[in-house]
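First comes the structure, then the notes that go with it.
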There are 2 protein chains.
Amino acid sequence: MTSRERFLSACACQPLDRPPVWIMRQAGRYLPEYRALKAQSSFLEMVKTPDLAAEVTLQPLRRFALDAAIIFSDILVIPEAMGQGYKFRDEGGIAMDFRLENKAQLDRLDVTGVAQRLDYVAQALKRVKTELKGEKALLGFGGSPWTLATYMLEGGSADDFERSKAVFYSDPALFNALLEKLTAALIEYFQMQIRAGADAIQIFDSWGGIIAGQDYEAASLKWIQQIIAALPKDFPVILYAKGTATQLTAQAFSGAKVLGVDWTIDLALARKLVPGNVALQGNLDPVLMNTSPEIVRREVTKLLKAMGGAPGHIFNLGHGIMPQAKIECVEALVETVTNWKS
Amino acid sequence: MTSRERFLSACACQPLDRPPVWIMRQAGRYLPEYRALKAQSSFLEMVKTPDLAAEVTLQPLRRFALDAAIIFSDILVIPEAMGQGYKFRDEGGIAMDFRLENKAQLDRLDVTGVAQRLDYVAQALKRVKTELKGEKALLGFGGSPWTLATYMLEGGSADDFERSKAVFYSDPALFNALLEKLTAALIEYFQMQIRAGADAIQIFDSWGGIIAGQDYEAASLKWIQQIIAALPKDFPVILYAKGTATQLTAQAFSGAKVLGVDWTIDLALARKLVPGNVALQGNLDPVLMNTSPEIVRREVTKLLKAMGGAPGHIFNLGHGIMPQAKIECVEALVETVTNWKS
């Protein structure tokens with residue numbers, strides 16, 4: 001059984017001797033070979049140059065026996081392709097080129113041709129697909145409409161998301177028009193990723209957890225559902241929404257085949273809450289990767305035991321790996337999962 | 001029926017025509033009269049001067065028809081009284097005077113006499129109690145052992161709580177010794193607050209939500225349970241733990257009479273998850289207080305309707321009110337709740 005078959009079987013909740021494993025942000029700053037490339041090109045240059053994006057995507061797979069690659073890219077390429085660019089602030093965080101204030105600005109954002117302008121992502125996916133030779137799964141990804149909307153409405157990274165929520169509560173016309181536009185752009189973008197060879201798509205609803213519980217569906221989930229409904233029937237979509245523990249049941253009926261679970265939820269409890277035909281992905285605390293291989297082995301084993309070999313588990317962290325993570329901890333994680341027999 | 005009786009009835013899950021209402025951080029920077037006092041004294045001077053602390057505590061009750069006062073203080077007075085002082089960083093956040101590194105440092109922290117060194121809190125409570133004339137409820141409060149431990153182990157505010165978690169996972173002896181000491185100090189402190197007139201105690205487990213779901217009980221909840229068990233039988237304790245949605249059921253069996261719920265949880269759903277003999281407090285998104293009275297009235301009404309007059313509801317925000325909150329929004333909130341008839 002190839003890694004790709006293992007990964008797709010887990011998405012379909014078929015029984016396996018051990019879960020497939022990959023790591024959110026596995027191509028990243030904790031890898032010396034990534035830092036070496038990053039010293040020569042900016043993050044966005046790497047994202048937009050298919051050869052570089054493909055190389056960075058493949059780096060972690062050369063080091064670790066991971067079952068899946070995830071294309072090296074960024075969720076904010078979507079607003080950029082629509083006409084709202086961005087840069088990284090020196091002090092950390094994102095600054096959009098402007099803050100979306102009104103309908104006139106929104107009307108100027110262009111959805112038609114978004115996929116064409118993001119052709120560099122398709123090119124990178126195709127290069128990686130060739131390299132993987134069908135052995136490993138290849139993941140595409142994008143942000144959720146709500147998560148992207150927060151950056152556009154706040155003009156960048158935010159602490160309290162005051163303006164995004166103010167627009168949601170006070171200007172439904174502007175809110176819905178923006179979310180419709182993002183939903184259309186994302187459908188086009190994901191269809192392109194699938195044509196370019198993605199075996200699965202992960203939707204990052206990174207800020208799904210900041211809206212009031214009773215408004216999560218209207219602000220975020222319903223747009224995600226529209227996207228999934230527009231993709232090929234039964235295509236595996238992984239929905240990762242941080243801080244949305246009480247939404248697991250609603251998410252389970254979104255059409256996503258897999259729910260990504262953050263580390264604050266007991267995964268065995270999540271398994272009880274979510275119907276058995278929906279897989280779970282996660283959920284080791286990423287901070288553990290900064291400790292020691294002994295602790296990682298112990299905690300990975302605990303998690304695997306707690307899941308008791310239940311079908312439909314993709315092993316991962318509960319959030320992206322941190323720059324200060326230790327290589328030997330990643331090795332310990334991957335070895336413990338790949339040597340597991342349930 | 002006085003406000004105090006209404007508040008205590010809600011804690012006991014008795015039926016009421018409308019819920020009592022108070023606002024987390026109601027004595028704070030959004031009030032011009034608070035800013036006027038703050039211009040003359042530092043935050044810690046106000047906390048440590050009983051006349052000033054009492055005055056600040058009473059300010060919001062002069063403006064709004066709130067049912068409860070909460071003593072103006074800070075959770076970090078406990079580590080300070082044990083020998084680990086702190087200050088506010090100019091750039092925001094907390095800096096402890098040192099970072100707790102080992103058992104020798106821990107041994108030097110002094111629990112005996114903590115309550116005596118915090119007598120200024122008792123004095124402030126007594127002054128407020130006299131002013132309230134038994135009409136309004138008076139709340140004391142403190143941090144949870146885990147939440148206080150994070151500041152002590154990190155040496156201040158933290159982003160990822162790496163060191164707190166590293167100690168939890170790799171040095172249980174140090175972790176447990178620290179948490180035992182904090183638990184003992186908090187028991188003494190809360191008993192003193194009760195003697196000084198507190199009608200209820202709120203425990204802020206502000207960082208309860210950052211530990212792995214399966215480890216929340218060992219890291220935080222079990223210490224809170226020990227504290228509650230040591231207080232007078234049936235004394236109302238409110239447990240507010242941010243970001244711990246999947247722990248509601250466990251928290252319901254902690255001995256707390258009331259669970260504070262953050263805004264990311266649908267409160268009507270929480271009502272279904274938590275046994276009917278445990279009250280709920282919350283949970284409007286604090287960001288709504290920065291919008292407009294119309295939106296506040298609409299959202300408060302929605303929340304009251306969703307709860308359907310179920311006994312055991314204390315109306316509050318889902319987190320502390322922000323400095324930029326509008327007075328007219330607070331007025332709209334309090335008026336809507338106090339005029340409600342269920």
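Naming scheme: A, B, ... for chains in displayed order of the structure tokens; residues 1 onward per chain; ligands 1 onward as shown.
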May I ask you to extract the residues of chain B within 10 Å of chain A, using only C-alpha atoms, and to give them as a PyMOL selection string?
chain B and resi 160-163+165-167+169-170+208-216+243-247+262-270+283-288+290-292+294-296+298-299+303+306+318+322
Would you export the selected residues with N, CA and C atoms as a short mmCIF file (atom, residue, chain, number, x, y, z; two decimals), in the first residue's frame, please?
data_model
loop_
_atom_site.label_atom_id
_atom_site.label_comp_id
_atom_site.auth_asym_id
_atom_site.auth_seq_id
_atom_site.Cartn_x
_atom_site.Cartn_y
_atom_site.Cartn_z
N ASP B 160 2.91 31.21 23.47
CA ASP B 160 2.66 29.79 23.19
C ASP B 160 2.75 28.91 24.45
N PHE B 161 3.10 29.51 25.58
CA PHE B 161 3.13 28.79 26.86
C PHE B 161 4.03 27.57 26.79
N GLU B 162 5.12 27.71 26.03
CA GLU B 162 6.06 26.62 25.83
C GLU B 162 6.62 26.09 27.13
N ARG B 163 7.06 27.02 28.02
CA ARG B 163 7.73 26.55 29.22
C ARG B 163 6.75 25.93 30.22
N LYS B 165 4.08 24.34 29.53
CA LYS B 165 3.74 23.00 29.05
C LYS B 165 4.95 22.07 29.18
N ALA B 166 6.15 22.60 28.92
CA ALA B 166 7.35 21.76 29.06
C ALA B 166 7.46 21.26 30.50
N VAL B 167 7.22 22.13 31.47
CA VAL B 167 7.29 21.70 32.88
C VAL B 167 6.19 20.68 33.16
N TYR B 169 4.80 18.57 31.14
CA TYR B 169 5.05 17.28 30.50
C TYR B 169 6.36 16.61 30.96
N SER B 170 7.32 17.42 31.41
CA SER B 170 8.64 16.82 31.66
C SER B 170 9.07 16.85 33.12
N GLY B 208 -6.94 28.24 30.80
CA GLY B 208 -7.35 26.83 30.82
C GLY B 208 -7.44 26.24 29.41
N GLY B 209 -7.69 27.10 28.43
CA GLY B 209 -7.91 26.61 27.07
C GLY B 209 -6.67 26.38 26.26
N ILE B 210 -5.48 26.54 26.85
CA ILE B 210 -4.28 26.40 26.01
C ILE B 210 -3.60 25.04 26.18
N ILE B 211 -4.07 24.26 27.14
CA ILE B 211 -3.46 22.93 27.35
C ILE B 211 -4.26 21.90 26.54
N ALA B 212 -3.62 20.81 26.17
CA ALA B 212 -4.30 19.75 25.41
C ALA B 212 -5.57 19.31 26.15
N GLY B 213 -6.64 19.07 25.38
CA GLY B 213 -7.93 18.73 25.98
C GLY B 213 -7.85 17.60 26.99
N GLN B 214 -7.08 16.55 26.66
CA GLN B 214 -7.01 15.37 27.53
C GLN B 214 -6.18 15.64 28.79
N ASP B 215 -5.46 16.79 28.82
CA ASP B 215 -4.63 17.10 29.99
C ASP B 215 -5.19 18.25 30.83
N TYR B 216 -6.35 18.79 30.44
CA TYR B 216 -6.94 19.93 31.16
C TYR B 216 -7.24 19.59 32.61
N GLY B 243 -12.10 29.36 26.32
CA GLY B 243 -11.65 28.40 25.31
C GLY B 243 -11.64 26.96 25.77
N THR B 244 -12.60 26.59 26.62
CA THR B 244 -12.62 25.20 27.11
C THR B 244 -13.99 24.56 26.84
N ALA B 245 -14.49 24.80 25.63
CA ALA B 245 -15.85 24.37 25.30
C ALA B 245 -16.09 22.89 25.57
N THR B 246 -15.12 22.04 25.21
CA THR B 246 -15.38 20.60 25.38
C THR B 246 -15.19 20.15 26.82
N GLN B 247 -14.84 21.07 27.72
CA GLN B 247 -14.67 20.71 29.13
C GLN B 247 -15.89 21.06 29.96
N ASP B 262 -17.54 31.56 27.43
CA ASP B 262 -17.09 32.60 26.50
C ASP B 262 -18.03 32.68 25.30
N TRP B 263 -17.86 33.72 24.49
CA TRP B 263 -18.84 34.01 23.43
C TRP B 263 -18.77 33.05 22.24
N THR B 264 -17.74 32.21 22.20
CA THR B 264 -17.61 31.33 21.03
C THR B 264 -18.51 30.10 21.15
N ILE B 265 -19.15 29.95 22.30
CA ILE B 265 -20.07 28.83 22.51
C ILE B 265 -21.50 29.34 22.44
N ASP B 266 -22.35 28.69 21.68
CA ASP B 266 -23.78 28.99 21.68
C ASP B 266 -24.31 28.68 23.09
N LEU B 267 -24.76 29.70 23.82
CA LEU B 267 -25.13 29.51 25.23
C LEU B 267 -26.31 28.54 25.38
N ALA B 268 -27.22 28.56 24.39
CA ALA B 268 -28.36 27.63 24.46
C ALA B 268 -27.88 26.19 24.32
N LEU B 269 -26.82 25.99 23.52
CA LEU B 269 -26.23 24.65 23.41
C LEU B 269 -25.55 24.27 24.73
N ALA B 270 -24.81 25.22 25.31
CA ALA B 270 -24.16 24.96 26.60
C ALA B 270 -25.21 24.56 27.64
N ASN B 283 -23.19 35.47 27.62
CA ASN B 283 -21.92 35.31 26.97
C ASN B 283 -21.84 36.15 25.71
N LEU B 284 -22.32 37.40 25.77
CA LEU B 284 -22.30 38.26 24.59
C LEU B 284 -20.85 38.56 24.19
N ASP B 285 -20.58 38.60 22.89
CA ASP B 285 -19.25 38.96 22.40
C ASP B 285 -18.92 40.39 22.82
N PRO B 286 -17.83 40.60 23.58
CA PRO B 286 -17.50 41.96 24.07
C PRO B 286 -17.34 42.97 22.94
N VAL B 287 -16.96 42.52 21.77
CA VAL B 287 -16.78 43.43 20.64
C VAL B 287 -18.08 44.16 20.29
N LEU B 288 -19.22 43.54 20.60
CA LEU B 288 -20.50 44.20 20.32
C LEU B 288 -20.65 45.51 21.08
N ASN B 290 -18.62 47.75 21.25
CA ASN B 290 -17.94 48.81 20.49
C ASN B 290 -18.75 49.21 19.25
N THR B 291 -19.95 48.62 19.08
CA THR B 291 -20.73 48.90 17.86
C THR B 291 -21.77 50.00 18.13
N SER B 292 -23.03 49.64 18.27
CA SER B 292 -24.06 50.66 18.49
C SER B 292 -25.14 50.11 19.41
N GLU B 294 -28.28 49.98 19.03
CA GLU B 294 -29.28 49.20 18.29
C GLU B 294 -28.82 47.75 18.16
N ILE B 295 -27.56 47.57 17.74
CA ILE B 295 -27.03 46.21 17.57
C ILE B 295 -26.99 45.49 18.92
N VAL B 296 -26.58 46.20 19.96
CA VAL B 296 -26.51 45.58 21.29
C VAL B 296 -27.91 45.13 21.72
N ARG B 298 -30.46 44.37 19.90
CA ARG B 298 -30.89 43.24 19.08
C ARG B 298 -30.22 41.94 19.54
N GLU B 299 -28.90 42.00 19.77
CA GLU B 299 -28.17 40.78 20.11
C GLU B 299 -28.46 40.32 21.54
N LEU B 303 -30.17 36.69 22.55
CA LEU B 303 -29.59 35.78 23.54
C LEU B 303 -30.62 35.43 24.61
N ALA B 306 -33.11 33.07 23.15
CA ALA B 306 -32.54 31.73 22.94
C ALA B 306 -32.49 30.95 24.26
N GLY B 318 -19.01 37.55 27.25
CA GLY B 318 -18.27 36.30 27.20
C GLY B 318 -16.80 36.48 27.54
N MET B 322 -13.98 45.88 26.59
CA MET B 322 -12.74 46.46 26.06
C MET B 322 -12.68 47.97 26.35
#
From a backbone DSSP assignment, name each residue in range 62-245 of chain B labelled strand (DSSP E or B), as a count of residues only.
28
Just list the residues in range 17-261 of chain B DSSP gives helix (DSSP H, G or I) on the backbone, as a PyMOL selection string.
chain B and resi 32-38+43-48+50-63+77-82+103-108+114-117+119-132+145-154+162-170+172-195+208-210+213-230+245-252
Residues near Ala53 in chain A, anyone? I mean within 12 Å using only C-alpha atoms, not counting same-chain ones fewer than 2 positions away, as a PyMOL selection string.
chain A and resi 27-28+34+37-38+41-51+55-59+69-74+120-128
All residues 9 Å or closer to Ser342 in chain B, only C-alpha atoms, same chain fewer than 6 positions away omitted, as a ChimeraX atom specification
/B:16-18,304-305,308-310
Let's have the selection written as an mmCIF file, in the first residue's frame, with C-alpha atoms.
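out09.cif, freshly written:
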data_model
loop_
_atom_site.group_PDB
_atom_site.id
_atom_site.type_symbol
_atom_site.label_atom_id
_atom_site.label_comp_id
_atom_site.auth_asym_id
_atom_site.auth_seq_id
_atom_site.Cartn_x
_atom_site.Cartn_y
_atom_site.Cartn_z
ATOM 1 C CA LEU B 16 -36.525 34.392 37.931
ATOM 2 C CA ASP B 17 -38.465 36.871 35.809
ATOM 3 C CA ARG B 18 -35.183 38.101 34.322
ATOM 4 C CA LEU B 304 -32.365 36.193 26.122
ATOM 5 C CA LYS B 305 -34.878 34.613 23.733
ATOM 6 C CA GLY B 308 -36.021 30.976 26.931
ATOM 7 C CA GLY B 309 -36.031 31.983 30.598
ATOM 8 C CA ALA B 310 -34.256 28.783 31.670
#
Please list as JSON, numbers by chain every residue within 12 Å of Pro293 in chain A, counting only C-alpha atoms and excluding residues in the same chain fewer than 6 positions away.
{"A": [299, 300, 301, 325, 326, 327, 328, 329, 330, 331, 332, 333, 334, 335, 336], "B": [170]}
So that I have them on file, write out the residues from the current selection with C-alpha atoms, as an mmCIF file, in the first residue's frame.
data_model
loop_
_atom_site.group_PDB
_atom_site.id
_atom_site.type_symbol
_atom_site.label_atom_id
_atom_site.label_comp_id
_atom_site.auth_asym_id
_atom_site.auth_seq_id
_atom_site.Cartn_x
_atom_site.Cartn_y
_atom_site.Cartn_z
ATOM 1 C CA GLU A 299 2.545 11.611 23.901
ATOM 2 C CA VAL A 300 2.202 10.246 20.339
ATOM 3 C CA THR A 301 1.778 6.747 21.776
ATOM 4 C CA ALA A 325 10.674 22.811 16.687
ATOM 5 C CA LYS A 326 13.467 20.238 16.934
ATOM 6 C CA ILE A 327 14.245 17.954 13.997
ATOM 7 C CA GLU A 328 14.731 15.003 16.366
ATOM 8 C CA CYS A 329 11.213 15.552 17.746
ATOM 9 C CA VAL A 330 9.742 15.434 14.237
ATOM 10 C CA GLU A 331 11.711 12.241 13.608
ATOM 11 C CA ALA A 332 10.343 10.763 16.840
ATOM 12 C CA LEU A 333 6.776 11.666 15.868
ATOM 13 C CA VAL A 334 6.968 10.218 12.361
ATOM 14 C CA GLU A 335 8.788 7.055 13.506
ATOM 15 C CA THR A 336 6.321 6.410 16.306
ATOM 16 C CA SER B 170 8.642 16.821 31.658
#
One decimal, in Å: what's the spacing between CA of Gly142 in chain A and CA of Ile314 in chain A?
18.9 Å
Residue contacts of Glu180 in chain A (12 Å, only C-alpha atoms) excluding same-chain residues fewer than 4 positions away, as a PyMOL selection string
chain A and resi 106-107+111+144-146+148-149+172-176+184-187+219-220+222-224+226-227
Ser164 in chain A: which residues within 8 Å, counting only C-alpha atoms, same-chain residues fewer than 5 positions away excluded, as a list in words?
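Answer for this query is Ala149, Thr150, Leu153 and Glu154 of chain A.
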Just the selected residues (N, CA and C atoms), exported as a PDB file, in the first residue's frame, please.
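Saved to again.pdb:
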ATOM      1  N   ALA A 149     -11.861  36.983   4.524  1.00  0.00           N
ATOM      2  CA  ALA A 149     -12.601  38.246   4.676  1.00  0.00           C
ATOM      3  C   ALA A 149     -12.077  39.064   5.853  1.00  0.00           C
ATOM      4  N   THR A 150     -11.672  38.379   6.941  1.00  0.00           N
ATOM      5  CA  THR A 150     -11.181  39.150   8.096  1.00  0.00           C
ATOM      6  C   THR A 150      -9.947  39.966   7.716  1.00  0.00           C
ATOM      7  N   LEU A 153     -11.125  42.926   5.533  1.00  0.00           N
ATOM      8  CA  LEU A 153     -11.920  43.951   6.240  1.00  0.00           C
ATOM      9  C   LEU A 153     -11.112  44.665   7.314  1.00  0.00           C
ATOM     10  N   GLU A 154     -10.144  43.961   7.899  1.00  0.00           N
ATOM     11  CA  GLU A 154      -9.327  44.587   8.948  1.00  0.00           C
ATOM     12  C   GLU A 154      -8.143  45.341   8.339  1.00  0.00           C
TER      13      GLU A 154
END
